[in-house]
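Okay, so here's the structure we're looking at.
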Amino acid sequence: MALRVLVVEAKPKIAQVLASFFEERDDEVWHAWKLEEASALLDLIRPDLVLMDLHFPEERWIDFLRSVRQQYPDTKILITTKRIDLQREIQVKQLGIQAFVRQPFTKYWLEQSLYQLGMIPKQPPSPLHPPLSVSTARFPLQTKMTLPYFLIGLLFALAGAYIARQITISALDDQFNQRLIQANHTAANWMARREDKMLTSLRLIANAEGLATAIKKNDTGALQALITPLALNASDHAVHVLNPEGISLLSMRRSAKDSSPAYDTSSGETTFQRLDFVQKALMGLSDQQGDKFIGLAKTAWGDYIYLAAPVYDGGQVAGSILVGQSLQSLAQEFSRETGSEMTIYDISGAPLVSTLSLIEDHPTGNQLATQIISRQNTGGIKRGLTIDQTQYQELLSVWEARGGSDLGILGIALAPKYTLNSSYLLRLETALFLALPVLLLLFVGRTIAATINQPVASLIKAAEEMAQGNAAIKVNSQGNDEISTLTRAFNTMVVSLQENTLFRDLMGYAPGREMSQRLRQTFNVRDLHLEGQKTTATVLATDIRNLTQIASAINPDKFFELLNQYFNLLSPIAANHHGIINKLDGDAMLVYFGVLPEMIPPSEGAWQACKAATTMLQAIEAFNSMCQKLGYPPMITEIGIDTGTVTIGGLSIKDRIHYTVIGDAVKNAQYLESLSRTLFDHSVVLVSGNTITELMDRQFDFHFETIGLYQLRGKAETTTVYKMLPRQAAS
């Protein structure tokens, strides 16, 4: 169902990009440059979706959004934005609007937003690294510079007539190919109609009153009296009545040499006993299409296509009815009706019947037949034939019957016939020679130079401003050559740098390409908000015991070298287990799990935190062994872990944003870390009962020893505290 879409955007180029996306989906699109126009269109069209620029220049932009929410509650709103503006985003979200799409406005991100709004049923598939929204050059720069010389040379080229003739022949060839494809489609539809006609006749005969009784009595006369009127009325070519053993009680066939409607009759034929589709009918089997089955039969009276159906008597199969037509008559009828030649091959590519003579000299062969079958969903294969000194083009495709079964291969052939009109070619040649001098005048050197120089100068100026710190610079992109492509790539790079700056502030380090893509996905589908939200997370706090005393005992340069080695050892462990280092302060580190780069279940976050802590513990022991060998005091580390409800969000100032976590889980983790100092004289991990509960069955991946009941900070009740070790260390 087409959507009614209103685009409220003051910049024409961005509006055109957005409008083009919806127009390609066959949606109805209206565009408003001003809020007054947008308000008028709201009352007129009552849109299903409103797209509005977050940075719309008029001051009443937020009032307009508020009125849309109040007056048209069923209208969806999608906010477009070119850069991050936390203040405006919070204003919009206070109105209950949660759908945002950021530049570049690619098809993938727009479809993601529509899926988020519930306006498309299926989430669009996406590679992990979607390509940049930079189009390839359709008018290369080299072409622009050489085109004037090409036009001058073309004035003196006598090959224009030859080129025009080749174009005409190519066009006629395309028309012929279209005719051949259309004939192939017509053949498929024609065969389907013939099958439906046979199926209708089969149902009438199989359900005829008294048929089952006549079969049980082997009463050939009664069968002939029942079936003949129905077969004549349906113009059936062949009808066979079989007993449960597959032997014909009555066979009625029209003579291939006699055009009269009379039937030749016989009985006792055992040809059908070996046919798989007949046996299915006699056994009373059914498939998705019902209890009727289709197949080809090579018989003494020729190659036939048959439809078989069971005849029931009191719920039991009393016999079977076959209605069929010879393949030769099928091919001849099709050729008479359409003027195309038809050849029917078996599934291995051997010709069965054809309206072309000597077709047996041109089998498709097993290899070509296999290729045709493999391409049956994407189109046929064309080949050339020469029969009786006449050249044909034959389009080969799979003959597919009811239920999707492949009966064989259909070949539809036409003989190309070209007729060239010389007066038409003369007019075309004259037009070319007259047009070329006029076109040459249009390419003035100054225009070409300006076309090349202006965008290059703009790009250089933008690069200089960016080098001076202006990260919001954009370059106006016009045209479709390599310079325009480079300009769009530059704008995309600026947007990526802005995003990476934000993500660096959020993560505390510069994320790689994969991590950046996952973060963008998380924020775009609104699993995570900058303005703050409550969630369940696991917090890990570490602290180095007596770091001040260690610092006083070691040379300052060596001390910071060891401290950097220590944190460079622990930080990757946290990152490898999806932990985000929120604070790194001298001797302490605060890490949270389960929030970034995407929301994960609390149980998974708790497990990742515990896994990270046990890995850190092993790494610290190895690090301290190295310190002792070098004569330095060990860095005994206390680690505390707690899981609970926290508040997460972005704390922003003018030039940066810091994503942080606040809540009792932070205080409890720090308390457990400090508690270990009074209980143990070595590095240790203490875990709260909250985390144990969240781990559920996965707690058995670790070894826990009960320490006792302790009252956490700010809490009246007590909780059990556990010492955690890796499972293998405990054993």
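Every chain in the structure tokens takes a letter, A first, then B, and so on in the order presented; its residues are numbered from 1, and the ligands are numbered from 1 following the presented order.
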
Residues of segment 550-630 of chain A in helix (DSSP H, G or I), written as a ChimeraX atom specification: /A:550-553,556-576,602-629

Residue contacts of Leu282 of chain A (6 Å, only C-alpha atoms) excluding same-chain residues fewer than 2 positions away, as a JSON list (two decimals) with N, CA and C atoms, in the first residue's frame:
```json
[["chain", "number", "residue", "atom", "x", "y", "z"],
["A", 279, "GLN", "N", 0.81, -44.83, -11.05],
["A", 279, "GLN", "CA", 0.81, -45.61, -9.81],
["A", 279, "GLN", "C", 0.42, -44.75, -8.60],
["A", 280, "LYS", "N", 0.86, -43.48, -8.60],
["A", 280, "LYS", "CA", 0.47, -42.59, -7.50],
["A", 280, "LYS", "C", -1.04, -42.42, -7.44],
["A", 284, "GLY", "N", -3.86, -43.78, -4.54],
["A", 284, "GLY", "CA", -4.65, -42.78, -3.81],
["A", 284, "GLY", "C", -3.79, -41.76, -3.10],
["A", 310, "PRO", "N", -7.49, -40.74, -9.39],
["A", 310, "PRO", "CA", -8.11, -41.96, -8.88],
["A", 310, "PRO", "C", -9.63, -41.89, -8.99],
["A", 320, "SER", "N", -8.53, -45.90, -12.03],
["A", 320, "SER", "CA", -7.97, -44.59, -12.37],
["A", 320, "SER", "C", -8.45, -44.16, -13.75]]
```

Selection: 8 Å around segment 410-416 of chain A, only C-alpha atoms, excl. self and same-chain fewer than 2 positions, as a PyMOL selection string: chain A and resi 176+180+183-184+187+340-345+390-399+408+418

With only C-alpha atoms as the basis for distance, which of A:Ala262, A:Ala318, A:Val311, A:Ala99 is at the shortest distance from Asn207 of chain A? A:Val311

Can you pull out every residue from segment 18-66 of chain A that DSSP, working from the backbone, puts in strand (DSSP E), and format the result as an MDAnalysis selection string? chainID A and resid 28:32 49:53

If you count only C-alpha atoms, which residues fall within 6 Å of segment 623-636 of chain A, apart from same-chain ones fewer than 5 positions away, as an mmCIF file with N, CA and C atoms, in the first residue's frame?
```cif
data_model
loop_
_atom_site.group_PDB
_atom_site.id
_atom_site.type_symbol
_atom_site.label_atom_id
_atom_site.label_comp_id
_atom_site.auth_asym_id
_atom_site.auth_seq_id
_atom_site.Cartn_x
_atom_site.Cartn_y
_atom_site.Cartn_z
ATOM 1 N N ILE A 544 44.392 -0.924 42.566
ATOM 2 C CA ILE A 544 45.718 -1.450 42.910
ATOM 3 C C ILE A 544 46.019 -1.068 44.356
ATOM 4 N N ARG A 545 46.299 -2.049 45.161
ATOM 5 C CA ARG A 545 46.539 -1.819 46.594
ATOM 6 C C ARG A 545 47.897 -1.129 46.800
ATOM 7 N N HIS A 682 46.130 -10.840 48.894
ATOM 8 C CA HIS A 682 46.529 -11.120 47.516
ATOM 9 C C HIS A 682 45.425 -10.632 46.578
ATOM 10 N N SER A 683 45.716 -10.688 45.279
ATOM 11 C CA SER A 683 44.715 -10.271 44.287
ATOM 12 C C SER A 683 43.509 -11.200 44.341
#
```

Could you list, as a list in words, every residue within 12 Å of Ala15 of chain A, counting only C-alpha atoms and ignoring same-chain residues fewer than 3 positions away?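 Once the adjacent positions are removed, what remains is Val5, Leu6, Val7, Val8, Glu9, Ala10, Lys11, Pro12, Leu18, Ala19, Ser20, Phe21, Phe22, Glu23, Val29, Trp30, His31, Ala32, Trp33, Leu51, Met52, Asp53, Thr80 and Phe105 of chain A.
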
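Using only C-alpha atoms for every distance, the candidate list A:Leu242, A:Leu459, A:Ala206, A:Leu563 yields A:Ala206 as the residue closest to Leu230 of chain A.
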
If we count only C-alpha atoms and set the cut-off at 12 Å, which residues sit around Asn546 of chain A, ignoring sequence neighbours fewer than 5 positions away in its own chain? Please answer as a list in words.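 The residues satisfying every condition are Ala551, Ser552, Ala553, Gly586, Asp587, Ala588, Pro633, Pro634, Met635, Ile636, Thr637, Glu638, Ser674, Arg677 and Asp681 of chain A.
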
Take the residues just selected and output them with N, CA, C and O atoms as an mmCIF file, in the first residue's frame.
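Okay, this is what ended up in selection_20.cif:
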```
data_model
loop_
_atom_site.group_PDB
_atom_site.id
_atom_site.type_symbol
_atom_site.label_atom_id
_atom_site.label_comp_id
_atom_site.auth_asym_id
_atom_site.auth_seq_id
_atom_site.Cartn_x
_atom_site.Cartn_y
_atom_site.Cartn_z
ATOM 1 N N ALA A 551 54.740 3.657 44.107
ATOM 2 C CA ALA A 551 55.268 4.777 43.326
ATOM 3 C C ALA A 551 56.490 5.386 43.993
ATOM 4 O O ALA A 551 57.436 5.827 43.323
ATOM 5 N N SER A 552 56.465 5.442 45.325
ATOM 6 C CA SER A 552 57.597 6.055 46.028
ATOM 7 C C SER A 552 58.829 5.160 46.023
ATOM 8 O O SER A 552 59.939 5.631 46.249
ATOM 9 N N ALA A 553 58.613 3.844 45.760
ATOM 10 C CA ALA A 553 59.741 2.910 45.813
ATOM 11 C C ALA A 553 60.397 2.693 44.458
ATOM 12 O O ALA A 553 61.417 2.004 44.364
ATOM 13 N N GLY A 586 44.348 6.635 37.713
ATOM 14 C CA GLY A 586 45.508 6.310 38.555
ATOM 15 C C GLY A 586 45.605 4.841 38.848
ATOM 16 O O GLY A 586 46.146 4.065 38.053
ATOM 17 N N ASP A 587 45.049 4.430 39.991
ATOM 18 C CA ASP A 587 45.141 3.043 40.403
ATOM 19 C C ASP A 587 43.836 2.280 40.192
ATOM 20 O O ASP A 587 43.753 1.094 40.500
ATOM 21 N N ALA A 588 42.801 2.950 39.706
ATOM 22 C CA ALA A 588 41.473 2.335 39.627
ATOM 23 C C ALA A 588 40.966 2.309 38.196
ATOM 24 O O ALA A 588 41.323 3.138 37.363
ATOM 25 N N PRO A 633 57.924 -4.319 43.397
ATOM 26 C CA PRO A 633 56.826 -4.857 44.214
ATOM 27 C C PRO A 633 55.633 -5.234 43.337
ATOM 28 O O PRO A 633 55.376 -4.609 42.312
ATOM 29 N N PRO A 634 54.881 -6.264 43.754
ATOM 30 C CA PRO A 634 53.721 -6.686 42.953
ATOM 31 C C PRO A 634 52.580 -5.665 43.060
ATOM 32 O O PRO A 634 52.458 -4.948 44.047
ATOM 33 N N MET A 635 51.748 -5.624 42.020
ATOM 34 C CA MET A 635 50.559 -4.765 42.018
ATOM 35 C C MET A 635 49.349 -5.624 42.368
ATOM 36 O O MET A 635 48.646 -6.158 41.499
ATOM 37 N N ILE A 636 49.152 -5.779 43.701
ATOM 38 C CA ILE A 636 48.012 -6.565 44.174
ATOM 39 C C ILE A 636 46.728 -5.813 43.805
ATOM 40 O O ILE A 636 46.577 -4.628 44.105
ATOM 41 N N THR A 637 45.808 -6.522 43.172
ATOM 42 C CA THR A 637 44.614 -5.881 42.612
ATOM 43 C C THR A 637 43.356 -6.458 43.235
ATOM 44 O O THR A 637 43.196 -7.686 43.318
ATOM 45 N N GLU A 638 42.485 -5.540 43.713
ATOM 46 C CA GLU A 638 41.168 -5.958 44.210
ATOM 47 C C GLU A 638 40.131 -5.696 43.120
ATOM 48 O O GLU A 638 40.124 -4.637 42.491
ATOM 49 N N SER A 674 36.884 -2.597 47.702
ATOM 50 C CA SER A 674 37.561 -2.132 48.919
ATOM 51 C C SER A 674 37.449 -3.152 50.052
ATOM 52 O O SER A 674 38.340 -3.244 50.908
ATOM 53 N N ARG A 677 40.230 -5.696 50.466
ATOM 54 C CA ARG A 677 41.470 -5.214 51.076
ATOM 55 C C ARG A 677 41.572 -5.635 52.535
ATOM 56 O O ARG A 677 42.665 -5.880 53.051
ATOM 57 N N ASP A 681 45.195 -10.823 51.406
ATOM 58 C CA ASP A 681 46.479 -10.161 51.185
ATOM 59 C C ASP A 681 47.011 -10.422 49.782
ATOM 60 O O ASP A 681 48.207 -10.268 49.518
#
```

Counting only C-alpha atoms, figure out which residue out of A:Thr492, A:Lys216, A:Asp701, A:Trp61 gets nearest to Arg83 of chain A.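 Looking at the shortest contact to Arg83 of chain A, the residue is A:Thr492.
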